[in-house]
Structures are given as structure tokens and as C-alpha cells.
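Quick notes on the structure that follows.
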Number of protein chains: 2
Amino acid sequence: MSRRNGDGAVTLEQVAARAQVSRATVSRVVNGDPRVGESARQAVEAAVRALRYVPNRAARSLVTRRSDSIAVVIPEPTTQLFGDPFFPRFLRGVSDTLARDDLQLVLLMPQGRADEARVARYLAAGHTDGVLLVSLHGSDPLPADLAGRGIPVVVGGRPPAPGISYVDVDNRAGASSAVAHLASTGRTRIVTIAGPQDMPAGADRLAGYRETLGRRDAPVDDGLVEVADFSLDGGRRAMERLLERVPDLDAVFVASDLMAVGALEALSRAGRRVPEDVAVIGFDDSPLAASARPSLSSVRQPIEEMGREMTRLLLDRARHPDVAPRHVILDTSLVLRESSQPM
Amino acid sequence: MSRRNGDGAVTLEQVAARAQVSRATVSRVVNGDPRVGESARQAVEAAVRALRYVPNRAARSLVTRRSDSIAVVIPEPTTQLFGDPFFPRFLRGVSDTLARDDLQLVLLMPQGRADEARVARYLAAGHTDGVLLVSLHGSDPLPADLAGRGIPVVVGGRPPAPGISYVDVDNRAGASSAVAHLASTGRTRIVTIAGPQDMPAGADRLAGYRETLGRRDAPVDDGLVEVADFSLDGGRRAMERLLERVPDLDAVFVASDLMAVGALEALSRAGRRVPEDVAVIGFDDSPLAASARPSLSSVRQPIEEMGREMTRLLLDRARHPDVAPRHVILDTSLVLRESSQPM
DNA sequence: TCGTCCTGTGAGAGCGCTCTCTTGACAGGC
DNA sequence: GCCTGTCAAGAGAGCGCTCTCACAGGACGA
């Protein structure tokens, strides 16, 4: 019986002995080096199988100076805001893509300022081959700092500094598609419940709404616009205020599904029928949208794809450090359900 | 200027040279070995700071045979079922506890059977110092397999095999506390919407309900019991069925908040006032509960604490491999809001 | 026929660290 | 005075792997 890794690990040496070749040859086979003769290769492969050989990652890292792992940093506020299924879906996309190359995903969830410093130190030490950052608050210096140290970084959402690769969802176009759809189905008094304006997603979705209605220059407190905080209750209260201020509204574009569900409640309570009296379109296409009643039309974000694309960009950057930073904007798609049926 | 790790890393050797001591002494200082003289210690500490020395984890792992990382395995179905904030909160608890000891969290999210085999191989190879598993489907052989190989394992939720450490939430007692509260506030026709009975959480919550109503021996299709699938829509439909079958019901215990929100909708649509006509208590105390209207009483699960406790158990086990497996059952608490006000 | 190139393989150094073993210095007991 | 014990500190081996370099042997052009 072969002994397992940990105390009596199977080493290259043992595989080499069994296959009657040198350590170097075993290493070549294990790493897919093409310059190995057919017979040697087969002998090695047989020995690897027989001994259940698994390379020791630490030893490999020590000499290659790669860790074969990448860090994903998700700061505290993010998990709450995107409480929804953002977090797992994003990680799934990342995990997926890394698995293909047999890379590890090291998850870092700094809590509070002090912990962020700890994480920053850890990352700066170069313990991982690259770093994926999502939704940093405001003007976090971390990405620029890491990039400056030569550590590959890709940011999700809008980039905090120039010269850094990032992937974002086209929030503006997504909002625009929703509003355009409402307009094209005969709605004429289209209001919106926007997200916090200090968040790129909040600001961009409102911009898309404005742009499409052809009123770029209108002030924020426009009468047709209510800003809320991406919560269910916030959505409900915003809807109540809108109903009061714009009694003849016939459509709402809501910057998140959670808020949209709140809006649906407020509308129902006010005796407005959806979609007959008021059409509603949300954003995110979360599971909530499909199970809301009436079911909620929504702008779908490719979250997993965002994770995948960020990972691809990062690996690319790790392998070719001299390539210029790139950014990728992902398309959204409009998922139509009951809440936005034409009148 | 010191050069950063990666190409021109600062090594122990350089620190030793600067502090005018041997490599061994630097190592002792860095690892907190008490047998170092005061003057040597200070010289080393100064050199470490000056050079911004950070130990190379790979080199350390190679000789200590520890990876200083632990794996968290979250299989595909889990992320969907616990879509809610289970996932991030759990990871936060784990991350928290690991950070204290400067350990890494390696996240594994196998997707599908083939990928699970890959993950199992990875874990079996002993690349991490321990493994945390949550909610495996049915009779997964993985925990027993890993334990058999001498790899520390802690499972979240009910253990699939004897002899394995696990942490669970006291679902039964949680359900019981909710039902007891309803009974004590004068409710006499208390029905329940249960979760899937092939999931421990689903079964245990129903058992707690039964137990408390003193009807242990009643069959599942009891008339007062509806089983649903933990989804919003499932909760709504279950409530509709219950209203039809038990028109005089005056309280519902619902095995998840998401289903409870569905139930609230169904009740509202049927013209029943909550809590005047019908009291409702959910389970999970998710953010939904606080923002539902009326706000939803719910059984709070200590999710972060579960992550923390699992991690503690694991580290303990990793350090003292010969200790017998332990299990910890965490208490729930009842959070009372509007939906269960006394009549 | 000889040198040159190419291909497959082996020898061996060395990545940065920990840890055992040894040494040196000094105090105390006989 | 010597021996033993204690404590700080250094020397050096070696963890398992990759990778450079050297070399053997065959193919090929001159």
C-alpha cells in the first residue's frame, strides 16, 4: 500500500525509482513537457498511478515562485449589500474558471479597517499569484498599491484608479433597455426608484434611465426620481412617495429586485394593479423576481460571467505582465415577465 | 529600498546578516521561540522591520509539513438552497476565526459529480491542514473517507457517519420555542409549513413542531402540516392549501423566512389580518424578516457562530489528532416582531 | 568519415525555511 | 580546581521539487 501524503508522502524520488528513470524525467511527465520518449512516459505514468503520487505543492511553489493560488477579496459591506445571490454566484464563476487550471481560490473577507490592513499586507507579500477585488468602498488605495508592487489585480465594478484592469456590467445600458421597453409598450409616465448615488451601480442605472427618457440635464430630485438604499423597505417607502407625488404614473423602473418587491407591495396596498395600471421592471434578475407575484420583469446581470471574466483577465495578466490593462463591460439582458405586460 | 517578495524576495538569510545573528536565531524570533536573548531579539526585530521581511510560506510548509490553510467545501446545491445570507455569514464566521491564527481559507465549490471527485482527490492529497464541509447531500462518503485518511474534518449539519465531529443548530428546539410561544399567547389552531423532509433541517423543525403540540405520533399528512420546498412561491401555495383545509387556523409556524413571506402574501390575499387573525413565525431570521410587512417574528440561527465553532473544532482536532470526535449543538433564539403579537 | 545538430535523459544545485545537534559561556557543587 | 547543568546561539542537514547544464547517441549535411 502506498502511504499518504502528510507523514509518509509519496515523492518524486519514489516514483522515479519505480519507473526506473531519473527524478527529472518524472517531473517532465508530471508537468506535461513534450520532450520525453514514449516508453519513459508510459513507465512514469504507470508508477504515478500505482503509487497514487500527488505533487507536493509547497515544494513546487518554493522553486517556481508561484503559489498556484489567487486571492479573492470581499470586504464586509459587500456581503450585506449584495446579500442576494451575488456573492455565491460570483464565487462560483471564479471557482469554475480556476478549477480548469487547477488553481486554488483563497478567500479573504476583511472586517473593519484594521483587518483590511492585515489583508493588504498579506496580499502585498505576494503570497498569491494575483488578486481579485470586488466593490471596494470609494477610493480604496489597495488596487493601485498592489498594481504598483507588480501584483496582478483585477477589479469588479468601476475601477478606482486608472491603469487597472476591471470588469463591469453595463448598468447604464441595462437600465436603458428596461426604460426603452416601458416606453415602447405605451407607458408615458415612467418613474424610477434609484439606488444610492455614491455607488457606481446606483448612479449608472439612474443615468441610463435619464438618458433614455431624453432628459440628461434634469436635476436628481426630478420629481420622477426617488433614491433608496437597495432594501425592500426602502423600495416600498420610495414607491409610496412616488405615488403621492406622481399620482398618474404608469410605470416604474426599479434599480434592484429587492426594492422592486417592496414597490410591488406598496402598489398593491395603494390599489394599483400591476401590470394593468402600473408596469414594473427590476434589476438583477434575482430568484425573487421569478417568485414575486406578479412575477417581476428584470434586467439580468451575468454575475457568474463576471467572475469568470475577471479570472480570465487575471490569469492572462499573471502570465503576460507587460500587456496593457484591459477592461471588459458585460452585457445585460432584459427578462420579461408579468409585471411589465403591455396595457 | 527593500525588494519585494516574488522575484527579489527578502529572505531569512538577509535578515540574519543585517541583525548580525544566524538564520536560526531569526527563525526563532519570527516564530516566537522564548529561548532568545533580549539583545538578539531586538536586533532581529529591527532588521525585520527595516527590510519588511515576510516569511515565505512555501518554504515553511515544505519543512513543517503544514500548509497553514484549511479548506471549506460548499457543494453546488447548498448555495441555491441557502441562497439567503447563509453562505456569506457562514464564511464570515470561518474567515474570522482563521484570521486570528493567520490561516488561509481555501474555498472549494464543486459543481457536479465529476468535479466532486476532483475536489475529493485534492483534499485526500492532504494539501490543507483540515476540511470544513457543509450540507452534503444524503450519504456522502467524503467525510468518512477523509477522516479515514487522518485528515481533520468537521461537518456542518447532521453528520453523515459516526465518529466525525460536527456542529449543528438545534432546529428542533428552535421550532419548539416558536410553537410554544404561539400556544402561550392563546393560539389554538396552529398549523405549520414544513421544509423538505429529506433535509435534516426540514425534518427536525417539523419534529419540534409535533413534539411541542404533543402529537408525536401523528402522521405527516396531518391536515395541519404542509410540506414545501423552502421557496417563496412554495410557501405561498402551501399557505393557500392550509387555508382551504383548516379555515379556522389562527397561527402558522413556517420553517423558513422565505416561505413565511410567501405565506404572508397568501394570508393578505385571503383577507386574513396578521397578527390579529393569524400569527406567523418564520425561521432563519434573515434580513427579509425585519423588512417584511408586517415584520416577521423568526427563529434566529447563529450562522456566524456555526462557522466559528466549526473552525475551532477543526483547529483543535488538527492540533490534537487523538482527541475523540466532538459535536456541538448551537442554540437558536426567538426574535419577536409584529407578526406574532398576542391577539 | 567527421563534425554538427537535435532529442531524450540524468546529475546536481538550490529554492527559503525549520529543527536537531553542537558549541560556547557561565554558574554552582563537590 | 574540575565537572555538571543551563541557557543562548550557530552550523548544517534536508524538506520535495524544478530547472539548468551536461552528455549520450542517432540523424544528417559536408
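Just remember, in the C-alpha cells the first chain shown is A, the second B, etc., residues are 1-based per chain, and ligands are 1-based in the order shown.
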Practice problem: Could the residues of chain A within 8 Å of chain D, counting only C-alpha atoms (C1' of nucleotides), be given as a ChimeraX atom specification, please? | Solution: /A:11-12,27,56,59-60,62-64
Exercise. For chain A, list the residues within 7 Å of chain B, counting only C-alpha atoms, and write the list as a ChimeraX atom specification.
Key: /A:5-6,54,58-59,61-62,65,79,83-85,88,92,95,104-107,109,125-126,232-233,291
May I have the residues from that selection written out with C-alpha atoms, as a CSV table (one decimal), in the first residue's frame?
```csv
chain,number,residue,atom,x,y,z
A,5,ASN,CA,0.9,12.5,1.9
A,6,GLY,CA,1.5,14.2,5.2
A,54,VAL,CA,0.4,13.7,-5.9
A,58,ALA,CA,4.8,23.6,-1.2
A,59,ALA,CA,8.0,22.2,-2.8
A,61,SER,CA,6.0,26.7,-5.1
A,62,LEU,CA,9.3,27.1,-3.5
A,65,ARG,CA,8.0,31.1,-7.2
A,79,THR,CA,-21.8,40.8,1.5
A,83,GLY,CA,-26.9,39.9,0.2
A,84,ASP,CA,-28.8,38.5,-2.5
A,85,PRO,CA,-27.2,35.7,-4.5
A,88,PRO,CA,-22.2,32.8,-4.2
A,92,ARG,CA,-19.0,30.1,-8.5
A,95,SER,CA,-14.1,28.9,-8.7
A,104,GLN,CA,-6.7,27.5,-5.6
A,105,LEU,CA,-9.1,30.1,-4.5
A,106,VAL,CA,-8.1,31.8,-1.3
A,107,LEU,CA,-10.9,33.8,0.2
A,109,MET,CA,-13.1,38.8,4.0
A,125,ALA,CA,3.7,40.0,0.5
A,126,GLY,CA,2.9,38.2,-2.8
A,232,LEU,CA,-37.0,46.0,0.5
A,233,ASP,CA,-38.4,48.5,2.9
A,291,SER,CA,-41.3,34.1,-7.5
```
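One distance worth recording is that between atom CA of A:Leu334 and atom CA of A:Val252, which is 14.8 Å.
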Quiz prompt | Close residues, A:Thr97 itself excluded, 9 Å, only C-alpha atoms (C1' of nucleotides), min 3 positions apart in chain, as a list in words | solution =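 With the cut-off at 9 Å, the set is Arg92, Gly93, Val94, Arg100, Asp101, Leu103, Gly307, Arg308, Glu309, Thr311 and Arg312 of chain A.
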Keeping only C-alpha atoms, write the selected residues to a file as a short mmCIF file (atom, residue, chain, number, x, y, z; two decimals), in the first residue's frame.
```
data_model
loop_
_atom_site.label_atom_id
_atom_site.label_comp_id
_atom_site.auth_asym_id
_atom_site.auth_seq_id
_atom_site.Cartn_x
_atom_site.Cartn_y
_atom_site.Cartn_z
CA ARG A 92 -18.95 30.12 -8.47
CA GLY A 93 -17.80 31.80 -11.66
CA VAL A 94 -14.36 32.35 -10.22
CA ARG A 100 -9.76 24.41 -15.03
CA ASP A 101 -6.15 25.32 -14.36
CA LEU A 103 -5.56 26.79 -9.15
CA GLY A 307 -16.46 36.10 -12.03
CA ARG A 308 -15.23 34.08 -14.95
CA GLU A 309 -14.16 37.05 -17.00
CA THR A 311 -10.49 35.43 -13.51
CA ARG A 312 -9.56 35.09 -17.15
#
```
Within 8 Å of chain C, which residues of chain A show up? Give each one with its shortest atom-to-atom distance in Å (one decimal) and the two atoms involved, counting only C-alpha atoms (C1' of nucleotides), rows by chain then rising residue number, as CSV.
```
residue,atom,partner,partner_atom,distance
A:Ser22,CA,C:DG10,C1',6.1
A:Ala24,CA,C:DG10,C1',7.4
A:Thr25,CA,C:DT9,C1',7.0
A:Arg35,CA,C:DG8,C1',6.8
A:Val36,CA,C:DG8,C1',6.1
A:Gly37,CA,C:DG8,C1',6.3
A:Leu62,CA,C:DC15,C1',5.4
A:Val63,CA,C:DC15,C1',4.7
```
Practice problem: Going by DSSP on the backbone, which bits of stretch 59-270 of chain B are helix (DSSP H, G or I)? Write them as a ChimeraX atom specification, please. | Solution: /B:59-64,76-81,86-100,112-124,142-148,171-184,200-212,232-245,257-269
Exercise. Please run DSSP on the backbone and report, as a list in words, all residues within stretch 169-261 of chain A that come out as strand (DSSP E).
Key: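 Filtering stretch 169-261 of chain A to strand (DSSP E) leaves Val169, Ile190, Val191, Thr192, Ile193, Ala194, Val225, Glu226, Val227, Ala251, Val252, Phe253 and Val254 of chain A.
One distance worth recording is that between atom CA of B:Ala194 and atom CA of B:Val254, which is 6.3 Å.
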Exercise. Excluding B:Asp331 and residues on its chain fewer than 6 positions from it, collect all residues at most 8 Å away from it, counting only C-alpha atoms (C1' of nucleotides), and give them as a list of chain:residue names.
Key: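 Contacts, with the query itself left out: B:Val169, B:Asp170, B:Ala173, B:Gly174, B:Gln301, B:Pro302.
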For the residues in that selection, give me C-alpha atoms as a PDB file, in the first residue's frame.
```
ATOM      1  CA  VAL B 169     -28.138  24.227  15.043  1.00  0.00           C
ATOM      2  CA  ASP B 170     -30.838  22.967  17.367  1.00  0.00           C
ATOM      3  CA  ALA B 173     -35.658  23.247  19.919  1.00  0.00           C
ATOM      4  CA  GLY B 174     -35.925  26.324  17.709  1.00  0.00           C
ATOM      5  CA  GLN B 301     -29.849  30.755  13.836  1.00  0.00           C
ATOM      6  CA  PRO B 302     -26.337  31.643  14.893  1.00  0.00           C
TER       7      PRO B 302
END
```
Exercise. For atom CA of B:Phe253 and atom CA of B:Pro200, determine how far apart the two atoms are, in Å to one decimal place.
Key: 17.2 Å
Quiz prompt | Non-local contacts of A:Leu314 (8 Å; only C-alpha atoms (C1' of nucleotides); under 6 positions in same chain excluded) as number ranges by chain | solution = A: 130-132, 152-154
Next, dump the selected residues to file, keeping only C-alpha atoms, as a PDB file, in the first residue's frame.
```
ATOM      1  CA  GLY A 130      -2.978  37.513  -8.277  1.00  0.00           C
ATOM      2  CA  VAL A 131      -5.841  39.313  -6.626  1.00  0.00           C
ATOM      3  CA  LEU A 132      -9.498  39.738  -7.497  1.00  0.00           C
ATOM      4  CA  PRO A 152      -1.704  41.284 -10.919  1.00  0.00           C
ATOM      5  CA  VAL A 153      -5.040  42.782  -9.932  1.00  0.00           C
ATOM      6  CA  VAL A 154      -8.467  42.793 -11.498  1.00  0.00           C
TER       7      VAL A 154
END
```
Exercise. Using only C-alpha atoms (C1' of nucleotides), determine which residues lie at most 10 Å from A:Ile329, disregarding the query and same-chain residues fewer than 6 positions distant; provide the list as a list in words.
Key: Gly157, Arg158, Tyr166, Val167, Asp168, Val169, Asp170, Asn171, Met306 and Glu309 of chain A
Output for the residues just chosen: N, CA and C atoms as a compact mmCIF listing (two decimals), in the first residue's frame:
```txt
# COMPACT_ATOMS: atom_id res chain seq x y z
N GLY A 157 -16.49 45.89 -10.98
CA GLY A 157 -17.14 47.19 -10.80
C GLY A 157 -16.20 48.26 -11.30
N ARG A 158 -16.58 49.49 -11.13
CA ARG A 158 -15.76 50.54 -11.71
C ARG A 158 -14.42 50.66 -11.04
N TYR A 166 -10.30 45.95 -15.20
CA TYR A 166 -11.55 45.73 -14.48
C TYR A 166 -12.63 45.16 -15.38
N VAL A 167 -13.62 44.60 -14.74
CA VAL A 167 -14.78 44.06 -15.44
C VAL A 167 -16.00 44.70 -14.81
N ASP A 168 -16.90 45.14 -15.64
CA ASP A 168 -18.11 45.73 -15.09
C ASP A 168 -19.31 45.29 -15.91
N VAL A 169 -20.47 45.43 -15.30
CA VAL A 169 -21.70 45.15 -16.00
C VAL A 169 -22.18 46.47 -16.57
N ASP A 170 -22.79 46.42 -17.73
CA ASP A 170 -23.23 47.66 -18.35
C ASP A 170 -24.55 48.11 -17.72
N ASN A 171 -24.43 48.70 -16.55
CA ASN A 171 -25.60 49.14 -15.79
C ASN A 171 -26.44 50.15 -16.55
N MET A 306 -19.21 37.44 -14.85
CA MET A 306 -18.32 38.47 -14.32
C MET A 306 -17.17 37.81 -13.56
N GLU A 309 -14.92 36.12 -16.18
CA GLU A 309 -14.16 37.05 -17.00
C GLU A 309 -13.05 37.72 -16.18
```
